[in-house]
$ cat start-v4.txt   # compact mmCIF, C-alpha atoms
# COMPACT_ATOMS: atom_id res chain seq x y z
CA MET B 1 42.98 -20.67 -27.17
CA LYS B 2 46.29 -18.93 -26.42
CA THR B 3 46.02 -20.01 -22.79
CA THR B 4 45.47 -23.62 -23.84
CA LEU B 5 48.43 -23.51 -26.20
CA SER B 6 50.59 -21.98 -23.48
CA LEU B 7 49.63 -24.71 -21.04
CA LEU B 8 50.36 -27.41 -23.61
CA ALA B 9 53.70 -25.81 -24.45
CA GLY B 10 54.57 -25.61 -20.76
CA ALA B 11 53.66 -29.24 -20.21
CA ALA B 12 55.75 -30.27 -23.21
CA LEU B 13 58.74 -28.34 -21.86
CA MET B 14 58.33 -29.97 -18.45
CA LEU B 15 58.14 -33.42 -20.03
CA THR B 16 61.19 -32.70 -22.18
CA GLY B 17 63.08 -31.46 -19.13
CA ALA B 18 62.14 -34.52 -17.08
CA THR B 19 63.20 -36.84 -19.91
CA ALA B 20 66.51 -35.05 -20.32
CA HIS B 21 67.08 -35.20 -16.56
CA ALA B 22 66.39 -38.93 -16.54
CA GLN B 23 68.77 -39.44 -19.48
CA ASP B 24 71.38 -37.52 -17.45
CA PHE B 25 70.87 -39.82 -14.47
CA PRO B 26 72.76 -40.04 -12.19
CA ASN B 27 74.49 -36.74 -11.66
CA LYS B 28 74.56 -36.82 -7.86
CA THR B 29 74.66 -39.28 -4.94
CA VAL B 30 72.19 -42.17 -4.92
CA THR B 31 70.81 -43.26 -1.53
CA ILE B 32 69.85 -46.85 -0.76
CA VAL B 33 67.40 -46.93 2.14
CA VAL B 34 67.69 -50.05 4.29
CA PRO B 35 64.60 -50.37 6.53
CA PHE B 36 66.57 -51.98 9.36
CA ALA B 37 69.36 -51.08 11.75
CA ALA B 38 72.99 -50.93 10.65
CA GLY B 39 74.98 -54.12 11.03
CA GLY B 40 72.19 -56.56 10.23
CA PRO B 41 72.14 -59.03 7.31
CA THR B 42 70.15 -56.76 4.98
CA ASP B 43 72.44 -53.83 5.76
CA THR B 44 75.45 -56.01 4.91
CA VAL B 45 73.92 -56.94 1.54
CA ALA B 46 73.07 -53.30 0.76
CA ARG B 47 76.55 -51.99 1.55
CA LEU B 48 78.26 -54.63 -0.58
CA VAL B 49 75.94 -54.07 -3.52
CA GLY B 50 75.86 -50.28 -3.12
CA GLN B 51 79.64 -49.99 -3.26
CA ALA B 52 79.76 -52.03 -6.47
CA MET B 53 76.85 -50.09 -8.01
CA SER B 54 78.64 -46.80 -7.34
CA THR B 55 81.44 -47.91 -9.66
CA ALA B 56 78.97 -48.82 -12.41
CA LEU B 57 76.97 -45.59 -12.01
CA LYS B 58 80.09 -43.42 -11.64
CA GLN B 59 78.41 -41.73 -8.68
CA GLN B 60 78.58 -42.31 -4.94
CA VAL B 61 75.96 -44.71 -3.56
CA ILE B 62 75.35 -44.42 0.18
CA VAL B 63 73.24 -46.46 2.60
CA GLU B 64 70.72 -44.83 4.93
CA ASN B 65 69.29 -46.96 7.73
CA VAL B 66 65.65 -46.16 8.51
CA GLY B 67 64.62 -48.91 10.92
CA GLY B 68 61.39 -49.52 12.79
CA ALA B 69 57.91 -51.01 12.46
CA GLY B 70 59.11 -54.19 10.78
CA GLY B 71 60.71 -52.34 7.89
CA THR B 72 57.60 -50.33 7.01
CA LEU B 73 59.06 -46.98 8.12
CA GLY B 74 61.92 -47.23 5.66
CA ALA B 75 59.66 -48.47 2.89
CA GLY B 76 57.30 -45.56 3.54
CA ARG B 77 60.20 -43.12 3.36
CA VAL B 78 61.03 -44.34 -0.15
CA ALA B 79 57.38 -44.43 -1.26
CA ARG B 80 57.17 -40.70 -0.41
CA ALA B 81 60.54 -39.78 -1.93
CA ALA B 82 60.91 -37.83 -5.16
CA PRO B 83 60.51 -40.25 -8.09
CA ASP B 84 63.84 -39.40 -9.68
CA GLY B 85 65.94 -42.51 -8.99
CA TYR B 86 68.11 -40.94 -6.33
CA THR B 87 66.35 -42.65 -3.41
CA VAL B 88 65.78 -46.40 -3.63
CA LEU B 89 64.80 -49.16 -1.23
CA LEU B 90 66.63 -52.42 -0.59
CA HIS B 91 64.23 -54.67 1.28
CA HIS B 92 63.85 -58.39 1.88
CA ILE B 93 60.92 -60.82 2.01
CA GLY B 94 59.29 -58.55 4.60
CA HIS B 95 58.20 -56.21 1.82
CA ALA B 96 55.88 -59.00 0.63
CA THR B 97 54.68 -60.26 4.00
CA SER B 98 53.93 -56.78 5.40
CA ALA B 99 51.15 -56.48 2.82
CA THR B 100 49.19 -59.06 4.84
CA LEU B 101 50.70 -58.65 8.30
CA TYR B 102 49.79 -54.98 8.69
CA ARG B 103 46.15 -54.02 8.78
CA LYS B 104 47.00 -50.55 7.51
CA LEU B 105 50.19 -49.60 5.70
CA PRO B 106 51.18 -46.01 4.82
CA TYR B 107 51.80 -47.15 1.23
CA ASP B 108 50.63 -49.67 -1.35
CA THR B 109 53.20 -52.47 -1.62
CA ILE B 110 52.59 -53.03 -5.33
CA ASN B 111 51.43 -49.68 -6.67
CA ASP B 112 53.70 -47.23 -4.84
CA PHE B 113 57.00 -48.69 -6.05
CA GLU B 114 58.85 -49.38 -9.30
CA PRO B 115 60.80 -52.67 -9.13
CA VAL B 116 64.46 -52.49 -10.13
CA GLY B 117 65.66 -56.07 -9.67
CA LEU B 118 66.28 -58.99 -7.35
CA VAL B 119 69.62 -59.15 -5.54
CA THR B 120 70.08 -62.44 -3.71
CA ASP B 121 68.29 -65.39 -2.13
CA VAL B 122 69.74 -65.99 1.33
CA PRO B 123 69.17 -69.51 2.70
CA MET B 124 68.06 -70.01 6.28
CA THR B 125 69.20 -72.56 8.83
CA MET B 126 67.36 -74.27 11.66
CA VAL B 127 69.77 -73.90 14.57
CA ALA B 128 69.72 -74.62 18.29
CA LYS B 129 71.66 -73.94 21.44
CA LYS B 130 74.80 -76.04 21.60
CA ASP B 131 73.57 -78.55 24.17
CA LEU B 132 70.07 -79.28 22.83
CA PRO B 133 69.74 -83.13 22.99
CA PRO B 134 68.59 -84.07 19.42
CA LYS B 135 71.47 -85.24 17.23
CA ASP B 136 69.79 -84.72 13.84
CA PHE B 137 66.71 -83.17 12.28
CA LYS B 138 64.55 -86.29 12.63
CA GLU B 139 65.30 -86.40 16.34
CA LEU B 140 64.65 -82.66 16.57
CA VAL B 141 61.13 -83.03 15.17
CA ALA B 142 60.34 -85.83 17.63
CA TYR B 143 61.84 -83.84 20.51
CA VAL B 144 59.74 -80.75 19.74
CA GLN B 145 56.57 -82.81 19.35
CA GLN B 146 57.15 -84.47 22.72
CA ASN B 147 58.27 -81.34 24.57
CA LYS B 148 56.45 -78.59 22.70
CA ASP B 149 55.41 -76.66 25.81
CA LYS B 150 58.98 -76.64 27.09
CA VAL B 151 60.81 -75.79 23.85
CA SER B 152 61.40 -72.08 23.22
CA TYR B 153 61.77 -70.62 19.74
CA GLY B 154 63.30 -67.18 19.22
CA ASN B 155 62.43 -64.84 16.36
CA ALA B 156 63.05 -61.26 15.34
CA GLY B 157 59.42 -60.17 15.71
CA ILE B 158 56.18 -60.40 13.75
CA GLY B 159 56.83 -60.55 10.02
CA ALA B 160 60.52 -61.28 10.33
CA ALA B 161 61.86 -64.15 8.26
CA SER B 162 62.69 -66.03 11.46
CA HIS B 163 59.05 -65.65 12.54
CA LEU B 164 57.72 -66.93 9.20
CA CYS B 165 60.11 -69.87 9.14
CA GLY B 166 58.97 -70.82 12.63
CA LEU B 167 55.31 -70.65 11.63
CA MET B 168 55.92 -72.97 8.69
CA PHE B 169 57.97 -75.39 10.81
CA MET B 170 55.36 -75.60 13.57
CA SER B 171 52.59 -76.02 11.02
CA ALA B 172 54.50 -78.79 9.23
CA ILE B 173 55.20 -80.84 12.37
CA LYS B 174 51.87 -79.97 14.02
CA ALA B 175 53.45 -78.77 17.25
CA GLN B 176 53.30 -75.34 18.83
CA MET B 177 56.46 -74.11 20.58
CA THR B 178 56.78 -71.23 23.05
CA THR B 179 57.86 -68.29 20.89
CA VAL B 180 60.01 -65.44 22.14
CA ALA B 181 60.02 -62.27 20.02
CA TYR B 182 63.09 -60.04 19.93
CA LYS B 183 63.80 -56.68 18.29
CA GLY B 184 66.17 -58.28 15.83
CA THR B 185 68.20 -61.38 15.05
CA GLY B 186 71.22 -59.97 16.89
CA PRO B 187 69.76 -60.17 20.42
CA ALA B 188 68.00 -63.45 19.56
CA MET B 189 71.31 -64.99 18.52
CA ASN B 190 72.95 -63.73 21.71
CA ASP B 191 70.33 -65.55 23.78
CA LEU B 192 70.68 -68.70 21.68
CA LEU B 193 74.45 -68.61 22.27
CA GLY B 194 73.80 -68.11 25.96
CA GLY B 195 71.30 -70.98 26.13
CA GLN B 196 68.34 -68.78 27.09
CA ILE B 197 66.33 -70.07 24.11
CA ASP B 198 66.35 -73.46 22.41
CA LEU B 199 65.75 -72.93 18.71
CA MET B 200 65.93 -70.33 15.99
CA CYS B 201 65.65 -70.19 12.20
CA ASP B 202 67.89 -67.51 10.72
CA GLN B 203 69.79 -66.45 7.62
CA THR B 204 73.11 -68.05 6.77
CA THR B 205 74.57 -64.53 6.76
CA ASN B 206 73.98 -64.54 10.53
CA THR B 207 74.57 -68.22 11.39
CA THR B 208 77.37 -69.61 9.22
CA GLY B 209 80.20 -68.27 11.37
CA GLN B 210 78.57 -69.50 14.59
CA ILE B 211 77.92 -72.95 13.09
CA LYS B 212 81.48 -73.33 11.79
CA GLY B 213 82.81 -72.12 15.12
CA GLY B 214 80.87 -74.84 16.93
CA LYS B 215 79.01 -72.30 19.05
CA ILE B 216 75.53 -73.45 18.01
CA LYS B 217 74.05 -76.70 16.69
CA ALA B 218 72.69 -76.77 13.12
CA TYR B 219 70.04 -79.20 11.86
CA ALA B 220 69.00 -78.24 8.32
CA VAL B 221 68.83 -75.55 5.66
CA THR B 222 65.54 -74.26 4.27
CA THR B 223 66.37 -74.20 0.56
CA LYS B 224 65.69 -76.78 -2.16
CA THR B 225 69.37 -77.64 -2.46
CA ARG B 226 72.22 -77.80 0.03
CA VAL B 227 74.27 -74.68 0.73
CA PRO B 228 77.87 -74.84 -0.56
CA SER B 229 79.25 -73.14 2.56
CA LEU B 230 77.49 -75.74 4.79
CA PRO B 231 77.60 -78.91 2.63
CA ASP B 232 76.99 -81.35 5.47
CA LEU B 233 73.64 -79.83 6.42
CA PRO B 234 70.63 -81.54 4.78
CA THR B 235 67.73 -79.58 3.39
CA MET B 236 64.48 -79.77 5.34
CA ASP B 237 63.01 -81.54 2.33
CA GLU B 238 65.75 -84.19 2.51
CA ALA B 239 65.31 -84.44 6.27
CA GLY B 240 61.61 -85.23 6.04
CA ILE B 241 59.49 -82.08 5.60
CA LYS B 242 58.67 -82.28 1.91
CA GLY B 243 58.32 -79.02 0.02
CA PHE B 244 59.65 -76.86 2.87
CA GLU B 245 61.36 -73.82 1.38
CA VAL B 246 62.06 -70.39 2.86
CA SER B 247 64.71 -68.04 1.52
CA ILE B 248 65.31 -64.41 2.34
CA TRP B 249 65.29 -62.75 -1.01
CA HIS B 250 66.27 -59.11 -1.38
CA GLY B 251 65.09 -56.65 -4.01
CA VAL B 252 65.66 -53.03 -5.01
CA TYR B 253 62.73 -50.64 -5.56
CA ALA B 254 62.33 -47.00 -6.60
CA PRO B 255 59.34 -44.72 -5.92
CA LYS B 256 56.40 -45.01 -8.30
CA GLY B 257 56.76 -42.72 -11.29
CA THR B 258 60.55 -42.91 -11.48
CA PRO B 259 61.43 -42.47 -15.19
CA LYS B 260 62.13 -45.66 -17.11
CA ALA B 261 65.54 -44.33 -18.16
CA ALA B 262 66.58 -44.07 -14.51
CA ILE B 263 65.14 -47.51 -13.67
CA ASP B 264 67.02 -49.04 -16.60
CA LYS B 265 70.31 -47.50 -15.46
CA LEU B 266 69.79 -48.67 -11.88
CA SER B 267 68.97 -52.19 -13.07
CA ALA B 268 72.01 -52.25 -15.36
CA ALA B 269 74.24 -51.10 -12.47
CA LEU B 270 72.73 -53.78 -10.23
CA LYS B 271 73.57 -56.45 -12.81
CA VAL B 272 77.17 -55.21 -12.96
CA ALA B 273 77.39 -55.18 -9.16
CA LEU B 274 76.17 -58.77 -8.90
CA LYS B 275 79.05 -59.89 -11.13
CA ASP B 276 81.63 -57.97 -9.10
CA GLU B 277 84.32 -60.34 -7.77
CA THR B 278 84.27 -58.83 -4.28
CA VAL B 279 80.48 -59.10 -4.04
CA VAL B 280 80.48 -62.70 -5.27
CA LYS B 281 83.26 -63.65 -2.84
CA ARG B 282 81.70 -61.96 0.19
CA PHE B 283 78.27 -63.39 -0.60
CA ALA B 284 79.82 -66.88 -0.77
CA GLU B 285 81.45 -66.35 2.62
CA LEU B 286 78.04 -65.41 4.00
CA GLY B 287 76.42 -68.54 2.59
CA THR B 288 74.61 -66.99 -0.36
CA GLU B 289 75.16 -65.93 -3.96
CA PRO B 290 73.87 -63.25 -6.37
CA VAL B 291 70.75 -64.05 -8.36
CA ALA B 292 71.11 -64.95 -12.04
CA GLN B 293 71.32 -61.94 -14.35
CA ASP B 294 67.84 -62.51 -15.77
CA ARG B 295 66.37 -62.10 -12.27
CA ALA B 296 68.09 -58.77 -11.59
CA THR B 297 65.41 -57.03 -13.67
CA PRO B 298 62.26 -54.99 -12.98
CA ALA B 299 60.00 -57.62 -14.54
CA ALA B 300 61.48 -60.48 -12.52
CA LEU B 301 61.23 -58.63 -9.21
CA GLY B 302 57.69 -57.42 -9.94
CA ALA B 303 56.49 -60.96 -10.66
CA HIS B 304 58.34 -62.40 -7.66
CA LEU B 305 56.89 -59.83 -5.25
CA LYS B 306 53.33 -60.63 -6.32
CA ALA B 307 53.97 -64.39 -6.07
CA GLU B 308 55.44 -64.04 -2.57
CA ILE B 309 52.49 -61.95 -1.34
CA ALA B 310 50.18 -64.71 -2.59
CA LYS B 311 52.35 -67.44 -1.01
CA TRP B 312 52.54 -65.93 2.48
CA ALA B 313 49.06 -64.41 2.83
CA PRO B 314 47.31 -67.72 3.70
CA VAL B 315 50.12 -68.74 6.10
CA ILE B 316 49.86 -65.46 8.00
CA LYS B 317 46.07 -65.46 8.01
CA ALA B 318 45.95 -69.06 9.26
CA ALA B 319 48.28 -68.15 12.12
CA GLY B 320 46.09 -65.15 12.95
CA GLU B 321 49.09 -62.92 13.61
CA TYR B 322 48.77 -59.30 12.60
CA ALA B 323 50.47 -56.02 13.47
CA ASP B 324 48.82 -52.61 13.72
$ encode --input "start-v4.txt" --output "structure tokens"
Amino acid sequence: MKTTLSLLAGAALMLTGATAHAQDFPNKTVTIVVPFAAGGPTDTVARLVGQAMSTALKQQVIVENVGGAGGTLGAGRVARAAPDGYTVLLHHIGHATSATLYRKLPYDTINDFEPVGLVTDVPMTMVAKKDLPPKDFKELVAYVQQNKDKVSYGNAGIGAASHLCGLMFMSAIKAQMTTVAYKGTGPAMNDLLGGQIDLMCDQTTNTTGQIKGGKIKAYAVTTKTRVPSLPDLPTMDEAGIKGFEVSIWHGVYAPKGTPKAAIDKLSAALKVALKDETVVKRFAELGTEPVAQDRATPAALGAHLKAEIAKWAPVIKAAGEYAD
């Protein structure tokens, strides 16, 4: 009986200590893991948001880049981290698509993470090398359908947003292009600029400057409404592919079991960061904007993640493209 009481007392003390620690959160540096190389679009989003969150949390927030395996290495690193709120993941749509793309993941996409909140929806643009003949999107569709074996489409690898956008585009126009996979959007964009590939679908954070500089040709955006930074570009829906919508949403996650008090503080800091003038301004320059405050919550991200897994699973399965 004494042993049982001692165990119960010990457990109660541990629980009390954990609760107090969570209420104290944060009292040291918070690390945002970005599952891609430094300098990419997701890294840019993380560094902007992290800097603003550090002010709200009154603690330093740093970014750690853990790239490789389509973002699954970085996600796995966070899934295995101590569930104390000090290591979080900032990932994009790939966190949802990897659940279907990979036959075996080292973590459970839904059950090994605690959602913190959505960050931003980044539009994508269908762009081409500068001298591709079609003058508008309607001509582009006809050109691809007539020259499908000769048209090359670059993407950042299986599961990348550029890959998924291409799959949807080819499915919608019923034409298969020659796809060229790269290790990221950086080298793919370099080859598009150099004329080595014909087409690419990529985030506005990576294309807006090149479009405005006249270095590449732009045909359409992939969102429901036009993008303020590129007002002359029609949506794909306007241009003729009804219902076409792909955006690169980003979300923040903590390891499963992270105390609610820590999750709440992280979510509150995220909301503050998304109202920060510098973040709003830089996002606008990159062709995006922060999500509404009611979407920067654990519940909103949790529901969105499940919906996106359900949305992309049939597309990926129909294409028959999987990664080991």
$ closest_residue --input "start-v4.txt" --among "B:Lys129, B:His163, B:Arg226, B:Lys148" --to "Thr288 in chain B" --atoms "all atoms listed in the file"
B:Arg226
$ closest_residue --input "start-v4.txt" --among "B:Pro314, B:Pro115, B:Gly159, B:Pro290" --to "Ile263 in chain B" --atoms "all atoms listed in the file"
B:Pro115
$ residues_near_point --input "start-v4.txt" --point "(51.9, -67.6, -0.1)" --cutoff "12 Å" --atoms "all atoms listed in the file" --output "MDAnalysis selection string"
chainID B and resid 93 96:97 99:100 164 168 245:246 304:318
$ residues_near_point --input "start-v4.txt" --point "(76.6, -65.7, 6.4)" --cutoff "12 Å" --atoms "all atoms listed in the file" --output "MDAnalysis selection string"
chainID B and resid 40:42 44:45 121:125 202:212 227:230 281:289
$ write_last_selection --input "start-v4.txt" --atoms "C-alpha atoms" --output "PDB file, in the coordinates of the input"
ATOM      1  CA  GLY B  40      72.190 -56.560  10.230  1.00  0.00           C
ATOM      2  CA  PRO B  41      72.140 -59.030   7.310  1.00  0.00           C
ATOM      3  CA  THR B  42      70.150 -56.760   4.980  1.00  0.00           C
ATOM      4  CA  THR B  44      75.450 -56.010   4.910  1.00  0.00           C
ATOM      5  CA  VAL B  45      73.920 -56.940   1.540  1.00  0.00           C
ATOM      6  CA  ASP B 121      68.290 -65.390  -2.130  1.00  0.00           C
ATOM      7  CA  VAL B 122      69.740 -65.990   1.330  1.00  0.00           C
ATOM      8  CA  PRO B 123      69.170 -69.510   2.700  1.00  0.00           C
ATOM      9  CA  MET B 124      68.060 -70.010   6.280  1.00  0.00           C
ATOM     10  CA  THR B 125      69.200 -72.560   8.830  1.00  0.00           C
ATOM     11  CA  ASP B 202      67.890 -67.510  10.720  1.00  0.00           C
ATOM     12  CA  GLN B 203      69.790 -66.450   7.620  1.00  0.00           C
ATOM     13  CA  THR B 204      73.110 -68.050   6.770  1.00  0.00           C
ATOM     14  CA  THR B 205      74.570 -64.530   6.760  1.00  0.00           C
ATOM     15  CA  ASN B 206      73.980 -64.540  10.530  1.00  0.00           C
ATOM     16  CA  THR B 207      74.570 -68.220  11.390  1.00  0.00           C
ATOM     17  CA  THR B 208      77.370 -69.610   9.220  1.00  0.00           C
ATOM     18  CA  GLY B 209      80.200 -68.270  11.370  1.00  0.00           C
ATOM     19  CA  GLN B 210      78.570 -69.500  14.590  1.00  0.00           C
ATOM     20  CA  ILE B 211      77.920 -72.950  13.090  1.00  0.00           C
ATOM     21  CA  LYS B 212      81.480 -73.330  11.790  1.00  0.00           C
ATOM     22  CA  VAL B 227      74.270 -74.680   0.730  1.00  0.00           C
ATOM     23  CA  PRO B 228      77.870 -74.840  -0.560  1.00  0.00           C
ATOM     24  CA  SER B 229      79.250 -73.140   2.560  1.00  0.00           C
ATOM     25  CA  LEU B 230      77.490 -75.740   4.790  1.00  0.00           C
ATOM     26  CA  LYS B 281      83.260 -63.650  -2.840  1.00  0.00           C
ATOM     27  CA  ARG B 282      81.700 -61.960   0.190  1.00  0.00           C
ATOM     28  CA  PHE B 283      78.270 -63.390  -0.600  1.00  0.00           C
ATOM     29  CA  ALA B 284      79.820 -66.880  -0.770  1.00  0.00           C
ATOM     30  CA  GLU B 285      81.450 -66.350   2.620  1.00  0.00           C
ATOM     31  CA  LEU B 286      78.040 -65.410   4.000  1.00  0.00           C
ATOM     32  CA  GLY B 287      76.420 -68.540   2.590  1.00  0.00           C
ATOM     33  CA  THR B 288      74.610 -66.990  -0.360  1.00  0.00           C
ATOM     34  CA  GLU B 289      75.160 -65.930  -3.960  1.00  0.00           C
TER      35      GLU B 289
END
$ residues_around --input "start-v4.txt" --residues "Leu233 in chain B" --least-positions-apart "6" --cutoff "7 Å" --atoms "all atoms listed in the file" --output "list in words"
Tyr219, Ala220, Val221 and Arg226 of chain B
$ residues_around --input "start-v4.txt" --residues "range 70-77 of chain B" --least-positions-apart "3" --cutoff "7 Å" --atoms "all atoms listed in the file" --output "list of chain:residue names"
B:Val33, B:Val34, B:Pro35, B:Phe36, B:Val66, B:Gly67, B:Arg80, B:Ala81, B:Leu89, B:Pro106, B:Tyr107, B:Gly159
$ closest_residue --input "start-v4.txt" --among "B:Ala52, B:Ile158, B:Ala269, B:Ala46" --to "Lys183 in chain B" --atoms "all atoms listed in the file"
B:Ile158
$ residues_around --input "start-v4.txt" --residues "range 249-262 of chain B" --least-positions-apart "4" --cutoff "8 Å" --atoms "all atoms listed in the file" --output "PyMOL selection string"
chain B and resi 19+22-23+25-26+42+78-85+87-93+111-122+266+301
$ closest_residue --input "start-v4.txt" --among "B:Ala218, B:Ala172, B:Met177, B:Ala69" --to "Ala128 in chain B" --atoms "only C-alpha atoms"
B:Ala218
$ atom_distance --input "start-v4.txt" --atom1 "CA of Ile110 in chain B" --atom2 "CA of Tyr86 in chain B"
19.7 Å
$ closest_residue --input "start-v4.txt" --among "B:Lys28, B:Arg47, B:Lys242, B:His95" --to "Ala160 in chain B" --atoms "only C-alpha atoms"
B:His95
$ axis_aligned_box --input "start-v4.txt" --around "range 256-269 of chain B" --padding-each-side "3 Å" --output "AutoDock Vina command-line options"
--center_x 65.3 --center_y -47.4 --center_z -13.2 --size_x 23.8 --size_y 15.8 --size_z 15.9
$ residues_around --input "start-v4.txt" --residues "Asp191 in chain B" --least-positions-apart "2" --cutoff "12 Å" --atoms "only C-alpha atoms" --output "PyMOL selection string"
chain B and resi 128-130+152-156+180-182+184-189+193-200+215-216
$ closest_atom_pairs --input "start-v4.txt" --of "range 125-217 of chain B" --to "range 222-225 of chain B" --cutoff "9 Å" --atoms "only C-alpha atoms" --output "Markdown table"
| residue | atom | partner | partner_atom | distance |
| --- | --- | --- | --- | --- |
| B:Thr125 | CA | B:Thr222 | CA | 6.1 |
| B:Met126 | CA | B:Thr222 | CA | 7.6 |
| B:Cys165 | CA | B:Thr222 | CA | 8.5 |
| B:Cys201 | CA | B:Thr222 | CA | 8.9 |
$ atom_distance --input "start-v4.txt" --atom1 "CA of Lys104 in chain B" --atom2 "CA of Gln176 in chain B"
28.0 Å
$ residues_around --input "start-v4.txt" --residues "Tyr143 in chain B" --least-positions-apart "4" --cutoff "10 Å" --atoms "only C-alpha atoms" --output "PDB file with C-alpha atoms, keeping the file's coordinate frame"
ATOM      1  CA  LEU B 132      70.070 -79.280  22.830  1.00  0.00           C
ATOM      2  CA  PRO B 133      69.740 -83.130  22.990  1.00  0.00           C
ATOM      3  CA  PRO B 134      68.590 -84.070  19.420  1.00  0.00           C
ATOM      4  CA  PHE B 137      66.710 -83.170  12.280  1.00  0.00           C
ATOM      5  CA  LYS B 138      64.550 -86.290  12.630  1.00  0.00           C
ATOM      6  CA  GLU B 139      65.300 -86.400  16.340  1.00  0.00           C
ATOM      7  CA  ASN B 147      58.270 -81.340  24.570  1.00  0.00           C
ATOM      8  CA  LYS B 148      56.450 -78.590  22.700  1.00  0.00           C
ATOM      9  CA  VAL B 151      60.810 -75.790  23.850  1.00  0.00           C
TER      10      VAL B 151
END
$ atom_distance --input "start-v4.txt" --atom1 "CA of Gln51 in chain B" --atom2 "CA of Ala299 in chain B"
23.9 Å
$ closest_residue --input "start-v4.txt" --among "B:Ala38, B:Ile241, B:Val30, B:Gly214" --to "Gly68 in chain B" --atoms "all atoms listed in the file"
B:Ala38
